[in-house]
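Peer 1: I am sharing work31.txt, which consists of compact mmCIF, C-alpha atoms:
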# COMPACT_ATOMS: atom_id res chain seq x y z
CA MET A 257 19.49 27.93 -0.20
CA PRO A 258 16.78 25.40 0.75
CA ILE A 259 18.35 22.13 1.82
CA PHE A 260 15.91 20.05 -0.25
CA ASN A 261 16.87 21.70 -3.51
CA ASP A 262 19.47 19.31 -4.93
CA THR A 263 17.75 17.87 -8.00
CA LYS A 264 20.87 15.97 -9.03
CA VAL A 265 20.51 13.86 -5.87
CA ALA A 266 16.71 13.72 -6.10
CA PHE A 267 16.56 12.40 -9.66
CA ALA A 268 19.82 10.46 -9.90
CA ASP A 269 17.92 7.29 -10.88
CA LYS A 270 15.68 8.92 -13.50
CA SER A 271 16.42 9.15 -17.22
CA ASP A 272 15.58 12.26 -19.23
CA ALA A 273 12.64 10.40 -20.80
CA GLN A 274 11.27 9.41 -17.39
CA LEU A 275 11.53 12.99 -16.15
CA ARG A 276 9.74 14.35 -19.22
CA LYS A 277 6.93 11.81 -18.79
CA ALA A 278 6.61 12.75 -15.10
CA TYR A 279 6.53 16.44 -16.04
CA TRP A 280 3.69 15.85 -18.51
CA MET A 281 1.74 13.87 -15.92
CA PHE A 282 2.07 16.44 -13.13
CA LYS A 283 1.16 19.15 -15.64
CA MET A 284 -2.11 17.34 -16.34
CA ILE A 285 -2.79 16.83 -12.62
CA GLU A 286 -2.20 20.54 -12.05
CA GLN A 287 -5.50 21.38 -13.79
CA PRO A 288 -8.37 20.79 -11.28
CA ALA A 289 -11.15 20.62 -13.87
CA LEU A 290 -9.17 18.29 -16.10
CA THR A 291 -8.23 16.10 -13.13
CA SER A 292 -11.84 15.84 -11.95
CA LEU A 293 -13.13 14.91 -15.40
CA GLY A 294 -10.18 12.66 -16.20
CA THR A 295 -10.36 10.64 -12.99
CA SER A 296 -14.10 10.05 -13.40
CA VAL A 297 -13.65 8.85 -16.98
CA LEU A 298 -10.65 6.77 -15.94
CA ASN A 299 -12.52 4.94 -13.20
CA PHE A 300 -15.38 4.19 -15.59
CA THR A 301 -13.29 2.95 -18.51
CA VAL A 302 -10.96 0.77 -16.43
CA HIS A 303 -13.85 -0.66 -14.41
CA ASN A 304 -15.51 -1.65 -17.68
CA ASN A 305 -12.38 -3.36 -19.00
CA PHE A 306 -11.28 -1.04 -21.81
CA PRO A 307 -7.92 -2.77 -22.47
CA PHE A 308 -6.45 0.18 -24.38
CA VAL A 309 -7.11 2.53 -21.45
CA THR A 310 -5.67 0.05 -18.96
CA GLY A 311 -2.44 -0.04 -20.99
CA ILE A 312 -2.22 3.76 -20.99
CA VAL A 313 -2.79 3.89 -17.23
CA LYS A 314 -0.05 1.32 -16.60
CA SER A 315 2.51 3.29 -18.59
CA THR A 316 1.64 6.66 -17.00
CA LEU A 317 -0.02 7.13 -13.57
CA PHE A 318 0.65 3.54 -12.50
CA GLU A 319 4.31 3.65 -13.50
CA GLN A 320 4.81 6.95 -11.65
CA PHE A 321 3.10 6.07 -8.38
CA CYS A 322 3.17 2.24 -8.12
CA GLY A 323 5.85 -0.42 -7.85
CA GLY A 324 4.09 -3.03 -9.97
CA GLU A 325 1.10 -5.34 -10.11
CA THR A 326 2.66 -7.91 -7.74
CA ARG A 327 5.19 -7.92 -4.90
CA GLU A 328 7.66 -9.75 -7.12
CA GLU A 329 7.29 -7.18 -9.90
CA SER A 330 7.69 -4.38 -7.34
CA MET A 331 11.00 -5.75 -6.04
CA LYS A 332 12.84 -3.94 -8.84
CA ALA A 333 11.78 -0.63 -7.29
CA VAL A 334 12.52 -1.93 -3.77
CA LYS A 335 16.08 -2.87 -4.69
CA GLN A 336 16.69 0.37 -6.54
CA LEU A 337 15.48 2.43 -3.57
CA PHE A 338 17.48 0.42 -1.05
CA LYS A 339 20.70 0.91 -3.01
CA ARG A 340 20.30 4.55 -1.99
CA GLY A 341 19.37 3.84 1.60
CA VAL A 342 15.60 4.18 1.20
CA GLY A 343 13.24 1.52 2.55
CA SER A 344 9.98 0.44 0.89
CA ILE A 345 6.58 -0.09 2.49
CA PHE A 346 4.42 -2.37 0.37
CA ASP A 347 0.96 -0.82 0.17
CA TYR A 348 -1.58 -3.26 -1.28
CA SER A 349 -3.74 -0.49 -2.70
CA ILE A 350 -7.10 -2.16 -3.22
CA GLU A 351 -9.89 0.28 -2.32
CA GLY A 352 -13.66 0.46 -2.48
CA LYS A 353 -14.61 -3.19 -1.86
CA GLU A 354 -16.80 -4.24 1.08
CA ASP A 355 -17.39 -7.98 1.00
CA GLU A 356 -16.11 -10.58 3.45
CA GLU A 357 -14.34 -12.54 0.72
CA THR A 358 -12.26 -9.49 -0.21
CA PHE A 359 -11.51 -8.68 3.45
CA ASP A 360 -10.18 -12.22 3.96
CA ALA A 361 -8.21 -12.08 0.71
CA VAL A 362 -6.58 -8.77 1.65
CA CYS A 363 -5.76 -10.07 5.13
CA LYS A 364 -4.07 -13.08 3.54
CA GLU A 365 -2.15 -10.76 1.21
CA ILE A 366 -0.92 -8.66 4.14
CA LYS A 367 0.23 -11.79 5.97
CA ASP A 368 2.01 -12.90 2.78
CA ILE A 369 3.77 -9.51 2.67
CA ILE A 370 4.96 -10.06 6.25
CA ARG A 371 6.42 -13.48 5.41
CA PHE A 372 7.85 -12.12 2.14
CA SER A 373 9.65 -9.31 4.01
CA VAL A 374 11.12 -11.29 6.91
CA GLY A 375 14.86 -10.74 7.13
CA ASN A 376 14.80 -8.01 4.47
CA PRO A 377 15.84 -4.60 5.88
CA ALA A 378 14.70 -2.97 2.62
CA ILE A 379 11.09 -3.48 3.81
CA PRO A 380 11.03 -1.98 7.33
CA PHE A 381 7.24 -1.65 7.78
CA ILE A 382 4.02 -3.47 6.91
CA VAL A 383 0.89 -1.36 6.36
CA PHE A 384 -2.85 -1.81 5.94
CA LYS A 385 -6.04 0.27 5.96
CA PRO A 386 -8.71 -0.53 8.57
CA THR A 387 -11.37 -0.63 5.84
CA ALA A 388 -9.35 -3.34 4.08
CA PHE A 389 -10.50 -5.60 6.94
CA GLY A 390 -14.08 -4.41 7.50
CA ARG A 391 -16.90 -2.13 6.39
CA ILE A 392 -16.64 1.57 7.22
CA ASP A 393 -20.27 1.60 8.44
CA LEU A 394 -19.42 -1.12 10.95
CA TYR A 395 -16.45 0.87 12.29
CA GLU A 396 -18.75 3.88 12.63
CA ALA A 397 -21.35 1.86 14.55
CA VAL A 398 -18.72 0.41 16.91
CA GLY A 399 -17.04 3.78 17.46
CA SER A 400 -20.32 5.52 18.24
CA GLY A 401 -21.26 2.92 20.83
CA ALA A 402 -24.37 1.83 18.93
CA GLU A 403 -25.99 -1.44 19.95
CA LEU A 404 -24.89 -4.08 17.45
CA THR A 405 -27.07 -6.88 16.13
CA SER A 406 -25.84 -10.44 16.59
CA SER A 407 -24.68 -10.57 12.96
CA GLN A 408 -22.83 -7.25 13.36
CA LYS A 409 -21.12 -8.57 16.50
CA GLU A 410 -19.93 -11.60 14.55
CA GLU A 411 -18.79 -9.35 11.72
CA TRP A 412 -16.83 -7.15 14.14
CA GLU A 413 -15.23 -10.22 15.69
CA ARG A 414 -13.91 -11.10 12.23
CA VAL A 415 -12.45 -7.58 11.89
CA VAL A 416 -10.72 -7.91 15.27
CA ARG A 417 -9.42 -11.35 14.29
CA ARG A 418 -7.89 -9.98 11.07
CA PHE A 419 -6.17 -7.18 13.01
CA ASP A 420 -4.88 -9.64 15.58
CA GLU A 421 -3.61 -12.18 13.04
CA VAL A 422 -1.57 -9.51 11.24
CA CYS A 423 -0.22 -7.89 14.43
CA SER A 424 0.59 -11.26 15.95
CA LEU A 425 2.50 -12.38 12.85
CA CYS A 426 4.45 -9.10 12.84
CA HIS A 427 5.28 -9.59 16.50
CA GLU A 428 6.49 -13.14 15.85
CA ASN A 429 8.70 -11.97 12.98
CA ASP A 430 9.87 -8.66 14.49
CA LYS A 431 8.27 -6.54 11.77
CA LYS A 432 6.67 -3.16 12.42
CA VAL A 433 3.09 -2.68 11.18
CA MET A 434 1.37 0.65 10.56
CA VAL A 435 -2.41 1.02 10.50
CA ASP A 436 -3.48 3.84 8.21
CA ALA A 437 -6.01 6.46 9.30
CA GLU A 438 -9.17 7.10 7.32
CA GLU A 439 -12.37 9.14 7.71
CA THR A 440 -13.11 10.66 11.13
CA TRP A 441 -16.43 8.87 11.50
CA MET A 442 -14.76 5.48 11.58
CA GLN A 443 -11.54 6.44 13.35
CA ASP A 444 -12.63 6.04 16.99
CA ALA A 445 -13.13 2.30 16.51
CA ALA A 446 -9.84 2.00 14.60
CA ASP A 447 -8.00 3.91 17.35
CA GLN A 448 -9.43 1.61 19.99
CA LEU A 449 -8.39 -1.48 18.05
CA CYS A 450 -4.88 -0.10 17.59
CA GLU A 451 -4.62 0.62 21.31
CA GLU A 452 -5.67 -2.96 22.10
CA MET A 453 -3.06 -4.32 19.69
CA MET A 454 -0.35 -2.04 21.13
CA GLU A 455 -1.15 -3.15 24.66
CA LYS A 456 -0.86 -6.76 23.53
CA TYR A 457 2.18 -6.62 21.23
CA ASN A 458 4.18 -3.46 22.14
CA ARG A 459 5.44 -4.66 25.52
CA GLU A 460 9.12 -4.58 24.57
CA LYS A 461 9.14 -2.14 21.64
CA PRO A 462 6.69 -0.58 19.16
CA ILE A 463 5.50 -3.27 16.75
CA VAL A 464 2.03 -1.81 16.12
CA TRP A 465 1.86 1.83 14.93
CA ASN A 466 -1.32 3.89 14.60
CA THR A 467 -1.72 6.86 12.24
CA ILE A 468 -2.52 10.34 13.56
CA GLN A 469 -3.96 12.93 11.14
CA MET A 470 -2.89 16.35 12.37
CA TYR A 471 -5.22 18.30 10.07
CA ARG A 472 -7.90 17.10 12.50
CA THR A 473 -8.86 18.91 15.67
CA GLY A 474 -8.35 17.09 18.97
CA ARG A 475 -5.54 14.81 17.85
CA LEU A 476 -2.89 16.28 20.13
CA GLU A 477 -5.23 15.79 23.06
CA TYR A 478 -5.82 12.19 21.94
CA MET A 479 -2.06 11.49 21.89
CA GLU A 480 -1.59 12.98 25.35
CA ALA A 481 -4.40 10.85 26.79
CA HIS A 482 -3.11 7.75 25.00
CA LEU A 483 0.38 8.29 26.36
CA GLN A 484 -1.02 8.33 29.90
CA LYS A 485 -2.76 4.98 29.22
CA ALA A 486 0.43 3.51 27.76
CA ARG A 487 2.42 4.54 30.83
CA GLU A 488 -0.20 3.07 33.16
CA LYS A 489 -0.36 -0.21 31.24
CA ASN A 490 3.37 -0.28 30.45
CA TYR A 491 3.54 -0.56 26.66
CA PHE A 492 5.23 1.41 23.88
CA ILE A 493 3.54 3.61 21.28
CA GLY A 494 4.27 3.86 17.57
CA TYR A 495 2.69 6.69 15.58
CA LYS A 496 2.71 7.62 11.94
CA ILE A 497 2.21 11.40 11.98
CA VAL A 498 0.57 12.81 8.84
CA ARG A 499 -1.47 15.86 7.93
CA GLY A 500 -4.38 14.01 6.30
CA ALA A 501 -6.02 13.16 3.00
CA TYR A 502 -9.80 13.50 3.25
CA MET A 503 -10.29 17.23 3.88
CA GLU A 504 -12.89 18.03 1.22
CA LYS A 505 -14.95 14.91 2.01
CA GLU A 506 -14.78 15.64 5.76
CA ARG A 507 -15.94 19.22 5.42
CA ALA A 508 -18.74 18.37 3.01
CA ARG A 509 -20.09 15.64 5.33
CA ALA A 510 -19.89 17.87 8.42
CA GLU A 511 -21.86 20.57 6.64
CA GLU A 512 -24.41 18.10 5.29
CA LYS A 513 -25.02 16.44 8.66
CA GLY A 514 -24.72 19.58 10.77
CA TYR A 515 -21.87 18.69 13.11
CA PRO A 516 -18.69 20.73 13.82
CA ASP A 517 -16.06 20.62 11.10
CA PRO A 518 -13.40 18.16 12.39
CA ILE A 519 -10.67 19.74 10.24
CA GLN A 520 -8.39 22.57 11.32
CA PRO A 521 -9.77 25.91 10.06
CA THR A 522 -6.72 26.87 7.96
CA LYS A 523 -3.62 25.39 6.37
CA GLU A 524 -1.56 27.37 8.89
CA ALA A 525 -3.48 25.78 11.77
CA SER A 526 -2.83 22.31 10.33
CA ASP A 527 0.87 23.11 10.00
CA LYS A 528 1.02 24.39 13.57
CA ASN A 529 -0.75 21.25 14.82
CA TYR A 530 1.65 19.02 12.87
CA ASN A 531 4.61 20.83 14.40
CA SER A 532 3.06 20.38 17.86
CA GLY A 533 2.90 16.67 17.05
CA ILE A 534 6.63 16.75 16.35
CA ASP A 535 7.23 18.37 19.74
CA PHE A 536 5.03 15.77 21.45
CA VAL A 537 7.08 12.91 20.00
CA MET A 538 10.43 14.53 20.73
CA ASN A 539 9.43 15.14 24.34
CA HIS A 540 8.42 11.51 24.92
CA LEU A 541 10.93 9.38 23.04
CA ASP A 542 11.18 7.09 26.06
CA LYS A 543 7.71 5.77 25.15
CA VAL A 544 6.85 7.08 21.68
CA SER A 545 8.40 6.35 18.27
CA ALA A 546 7.26 8.16 15.14
CA PHE A 547 7.19 7.85 11.39
CA PHE A 548 6.81 11.40 10.05
CA GLY A 549 4.90 10.98 6.82
CA THR A 550 5.18 14.34 5.11
CA HIS A 551 5.88 16.01 1.79
CA ASN A 552 6.37 19.31 3.59
CA GLU A 553 9.96 20.53 3.49
CA ILE A 554 9.60 22.82 6.52
CA SER A 555 8.22 20.04 8.73
CA SER A 556 10.96 17.67 7.58
CA GLU A 557 13.67 20.19 8.40
CA LEU A 558 12.02 20.94 11.75
CA VAL A 559 12.26 17.27 12.75
CA MET A 560 15.92 17.26 11.73
CA ASP A 561 16.63 20.44 13.73
CA LYS A 562 14.94 19.06 16.84
CA MET A 563 16.90 15.83 16.55
CA LYS A 564 20.12 17.83 16.31
CA SER A 565 19.21 20.05 19.29
CA ARG A 566 18.73 16.89 21.35
CA SER A 567 22.03 15.40 20.11
CA LEU A 568 20.20 12.46 18.49
CA GLU A 569 22.05 10.58 15.78
CA ASN A 570 20.51 10.86 12.29
CA GLY A 571 19.66 7.16 12.24
CA ASN A 572 17.92 7.17 15.63
CA PRO A 573 15.72 4.04 15.69
CA HIS A 574 12.73 5.92 17.15
CA ILE A 575 12.42 8.36 14.24
CA TYR A 576 11.54 7.65 10.61
CA PHE A 577 10.60 9.84 7.67
CA GLY A 578 8.39 8.81 4.77
CA GLN A 579 7.00 9.97 1.44
CA LEU A 580 4.92 8.41 -1.31
CA TYR A 581 6.61 6.65 -4.21
CA GLY A 582 6.81 8.98 -7.20
CA MET A 583 6.66 12.18 -5.16
CA SER A 584 8.99 14.42 -3.12
CA ASP A 585 12.16 12.64 -4.19
CA ASN A 586 14.01 15.84 -3.28
CA ILE A 587 13.13 15.20 0.39
CA THR A 588 13.50 11.41 0.40
CA PHE A 589 16.93 11.18 -1.15
CA TYR A 590 18.37 14.14 0.75
CA LEU A 591 17.38 12.42 3.99
CA SER A 592 18.80 9.06 2.93
CA ASP A 593 21.99 10.74 1.76
CA LYS A 594 22.42 12.17 5.28
CA GLY A 595 21.77 8.83 6.99
CA TYR A 596 18.23 9.35 8.29
CA ASN A 597 15.71 6.51 8.42
CA VAL A 598 13.45 7.11 5.42
CA ALA A 599 11.04 4.94 3.45
CA LYS A 600 8.68 5.25 0.50
CA TYR A 601 5.11 4.01 0.50
CA LEU A 602 5.16 1.65 -2.50
CA PRO A 603 1.63 0.87 -3.76
CA TYR A 604 1.05 -2.25 -5.83
CA GLY A 605 -1.79 -4.37 -7.15
CA PRO A 606 -3.64 -5.13 -10.41
CA VAL A 607 -4.06 -1.96 -12.48
CA LYS A 608 -7.85 -2.20 -12.49
CA ASP A 609 -8.02 -2.53 -8.70
CA VAL A 610 -5.48 0.22 -8.01
CA VAL A 611 -7.15 2.89 -10.19
CA PRO A 612 -9.37 4.19 -7.32
CA TYR A 613 -6.18 4.76 -5.30
CA LEU A 614 -4.45 6.47 -8.22
CA THR A 615 -7.36 8.79 -8.95
CA ARG A 616 -7.63 9.69 -5.24
CA ARG A 617 -3.93 10.58 -5.24
CA ALA A 618 -4.40 12.70 -8.37
CA ARG A 619 -7.24 14.63 -6.71
CA GLU A 620 -5.21 15.10 -3.53
CA ASN A 621 -2.30 16.52 -5.52
CA THR A 622 -4.67 18.97 -7.16
CA SER A 623 -6.15 20.10 -3.83
CA VAL A 624 -2.85 20.53 -1.93
CA ALA A 625 -1.62 24.03 -2.67
CA GLY A 626 1.84 24.09 -4.22
CA GLN A 627 2.43 20.32 -4.25
CA THR A 628 2.15 19.75 -8.00
CA GLY A 629 3.84 23.04 -8.82
CA ARG A 630 6.81 22.09 -6.68
CA GLU A 631 7.18 18.74 -8.47
CA LEU A 632 7.04 20.51 -11.84
CA GLY A 633 9.61 23.10 -10.74
CA LEU A 634 12.06 20.47 -9.52
CA ILE A 635 11.74 18.37 -12.68
CA SER A 636 12.23 21.47 -14.86
CA LYS A 637 15.29 22.48 -12.86
CA GLU A 638 16.87 19.05 -13.28
CA LEU A 639 16.17 18.89 -17.01
CA GLU A 640 17.77 22.32 -17.40
CA ARG A 641 20.77 21.26 -15.31
CA ARG A 642 21.33 18.24 -17.55
CA LYS A 643 21.45 20.44 -20.67
CA LYS A 644 24.43 22.38 -19.36
Taking this structure as input, can you express it in the form of structure tokens?
Peer 2:
Amino acid sequence: MPIFNDTKVAFADKSDAQLRKAYWMFKMIEQPALTSLGTSVLNFTVHNNFPFVTGIVKSTLFEQFCGGETREESMKAVKQLFKRGVGSIFDYSIEGKEDEETFDAVCKEIKDIIRFSVGNPAIPFIVFKPTAFGRIDLYEAVGSGAELTSSQKEEWERVVRRFDEVCSLCHENDKKVMVDAEETWMQDAADQLCEEMMEKYNREKPIVWNTIQMYRTGRLEYMEAHLQKAREKNYFIGYKIVRGAYMEKERARAEEKGYPDPIQPTKEASDKNYNSGIDFVMNHLDKVSAFFGTHNEISSELVMDKMKSRSLENGNPHIYFGQLYGMSDNITFYLSDKGYNVAKYLPYGPVKDVVPYLTRRARENTSVAGQTGRELGLISKELERRKK
């Protein structure tokens, strides 16, 4: 029997009404055409301040996938998760804004999260997106080695300053910070910034963690080259290992612009690459720590098996697991029940500002084969169990 099949453990905190609401929501997301139409309409209506729609969103998608509109409101979810041994990673999920005022405001918010979480083991990581601190076109220009104008140079200096302020504050307060990965065309600059921050702040242990998308080609080679640099310069590496979330956009852009598709050719190739990433980490635990962000049961079990074969304790400080809030509770709570380090990404923010994040998650669920169906099957199984 699959080890991640205990729905009693997975949904111990959920009422029958909450499970039925989640079932209805995943059933809607399961329909690609409906999801595409619904998310477009949703973005439009919320952006244009339809209060009735905003209320519906808050009681459905938002309630399922977000902790609240503020950190304080989200603490209810944090405390509930931590009672069961699951950490929370506050994810200030504001997307799609590209002005300096917003970049500074988000940077301030991230620093407030750091101060808010000091001394609280229920919040083991801080996280931010590179494009929360600067324009994607600027990252692309820097990563491609293009000659920057004087105003672009000043703009990039502000991006670097925001990175450094957050990483420095985490270092001062002994908090780990993960930098999310985004589109391939901006990632080279983000990787370089993360390396600079690691060299500066990871001298004693991994404070700064970069994200590696294993559905991309060339990522294993990148990690191997980075490890050599880290050994030469004597600092530690932290990686969040994920598959990735921009596949359709990546392939469409590659075709449009006529460059090689940066995504693995098949789902099987992505899975194989992810598993190679697991091996890479396990073979270099003297220098590399990893947060395995995955909703894949096979990958999760593979990490567990490799830990066991190396006689590593379940709570080894170099290895974490993570899933998104509102999804894959069967994996999260099994791991916590067995004493592994596991945390949920807990998005929060004003409903209107978080809708782009929510609609992106809905589309991702639709495009990942089997993900929504698995959630529906687990919820159905638990509702049936409770009737007996």
Peer 1: Point out the residue among A:Tyr576, A:Tyr530, A:Tyr604, A:Phe492 with the least atom-to-atom distance to Ile554 of chain A, counting all atoms listed in the file.
Peer 2: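 Looking at the shortest contact to Ile554 of chain A, the residue is A:Tyr530.
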Peer 1: Check the smallest atom-to-atom distance from each of A:Lys637, A:Lys523, A:His427, A:Lys600 to Asp347 of chain A using all atoms listed in the file, then report the winner.
Peer 2: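 Between A:Lys637, A:Lys523, A:His427, A:Lys600, the residue approaching Asp347 of chain A most closely is A:Lys600.
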Peer 1: Please list as a list in words every residue within 12 Å of Glu480 of chain A, counting only C-alpha atoms and excluding residues in the same chain fewer than 5 positions away.
Peer 2: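 In the requested form, the answer reads Gly474, Arg475, Lys485, Ala486, Arg487, Ile493, Ser532, Gly533, Asp535, Phe536, Val537, Asn539, His540, Lys543 and Val544 of chain A.
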Peer 1: Quick one: residues within 12 Å of Ser373 of chain A, all atoms listed in the file counted, chain neighbours fewer than 2 positions away excluded, as a ChimeraX atom specification?
Peer 2: /A:327-328,331,334,343-346,366-371,375-382,425-426,429-433
Peer 1: I'd like the interatomic distance between atom CA of Thr263 of chain A and atom CA of Phe577 of chain A, to a tenth of an Å.
Peer 2: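 Interatomic distance here is 19.0 Å.
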Peer 1: Which neighbours of Ala445 of chain A fall inside 10 Å, counting all atoms listed in the file, when residues of the same chain fewer than 5 positions from it are skipped, and could you give them as a PDB file with C-alpha atoms, keeping the file's coordinate frame?
Peer 2:
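Here's the written file selection-v1.pdb:
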ATOM      1  CA  PRO A 386      -8.710  -0.530   8.570  1.00  0.00           C
ATOM      2  CA  ILE A 392     -16.640   1.570   7.220  1.00  0.00           C
ATOM      3  CA  LEU A 394     -19.420  -1.120  10.950  1.00  0.00           C
ATOM      4  CA  TYR A 395     -16.450   0.870  12.290  1.00  0.00           C
ATOM      5  CA  GLU A 396     -18.750   3.880  12.630  1.00  0.00           C
ATOM      6  CA  ALA A 397     -21.350   1.860  14.550  1.00  0.00           C
ATOM      7  CA  VAL A 398     -18.720   0.410  16.910  1.00  0.00           C
ATOM      8  CA  GLY A 399     -17.040   3.780  17.460  1.00  0.00           C
ATOM      9  CA  SER A 400     -20.320   5.520  18.240  1.00  0.00           C
ATOM     10  CA  GLY A 401     -21.260   2.920  20.830  1.00  0.00           C
ATOM     11  CA  THR A 440     -13.110  10.660  11.130  1.00  0.00           C
ATOM     12  CA  CYS A 450      -4.880  -0.100  17.590  1.00  0.00           C
ATOM     13  CA  GLU A 451      -4.620   0.620  21.310  1.00  0.00           C
TER      14      GLU A 451
END
Peer 1: Between A:Ile534, A:Leu337, A:Ile468, A:Met453, which is the closest to Leu602 of chain A once you count only C-alpha atoms?
Peer 2: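 That would be A:Leu337, the residue with the smallest distance to Leu602 of chain A.
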Peer 1: Please work out which residues fall within 12 Å of (9.5, 24.4, -8.2), coordinates as given in the file, with all atoms listed in the file counting, and return them as a list in words.
Peer 2: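 Residues close enough to count: Pro258, Phe260, Asn261, Asp262, Thr263, Tyr279, Phe282, Ser584, Asn586, Gly626, Gln627, Thr628, Gly629, Arg630, Glu631, Leu632, Gly633, Leu634, Ile635, Ser636, Lys637 and Glu638 of chain A.
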Peer 1: So that I have them on file, write out the residues from the current selection with C-alpha atoms, as an mmCIF file, keeping the file's coordinate frame.
Peer 2:
data_model
loop_
_atom_site.group_PDB
_atom_site.id
_atom_site.type_symbol
_atom_site.label_atom_id
_atom_site.label_comp_id
_atom_site.auth_asym_id
_atom_site.auth_seq_id
_atom_site.Cartn_x
_atom_site.Cartn_y
_atom_site.Cartn_z
ATOM 1 C CA PRO A 258 16.780 25.400 0.750
ATOM 2 C CA PHE A 260 15.910 20.050 -0.250
ATOM 3 C CA ASN A 261 16.870 21.700 -3.510
ATOM 4 C CA ASP A 262 19.470 19.310 -4.930
ATOM 5 C CA THR A 263 17.750 17.870 -8.000
ATOM 6 C CA TYR A 279 6.530 16.440 -16.040
ATOM 7 C CA PHE A 282 2.070 16.440 -13.130
ATOM 8 C CA SER A 584 8.990 14.420 -3.120
ATOM 9 C CA ASN A 586 14.010 15.840 -3.280
ATOM 10 C CA GLY A 626 1.840 24.090 -4.220
ATOM 11 C CA GLN A 627 2.430 20.320 -4.250
ATOM 12 C CA THR A 628 2.150 19.750 -8.000
ATOM 13 C CA GLY A 629 3.840 23.040 -8.820
ATOM 14 C CA ARG A 630 6.810 22.090 -6.680
ATOM 15 C CA GLU A 631 7.180 18.740 -8.470
ATOM 16 C CA LEU A 632 7.040 20.510 -11.840
ATOM 17 C CA GLY A 633 9.610 23.100 -10.740
ATOM 18 C CA LEU A 634 12.060 20.470 -9.520
ATOM 19 C CA ILE A 635 11.740 18.370 -12.680
ATOM 20 C CA SER A 636 12.230 21.470 -14.860
ATOM 21 C CA LYS A 637 15.290 22.480 -12.860
ATOM 22 C CA GLU A 638 16.870 19.050 -13.280
#
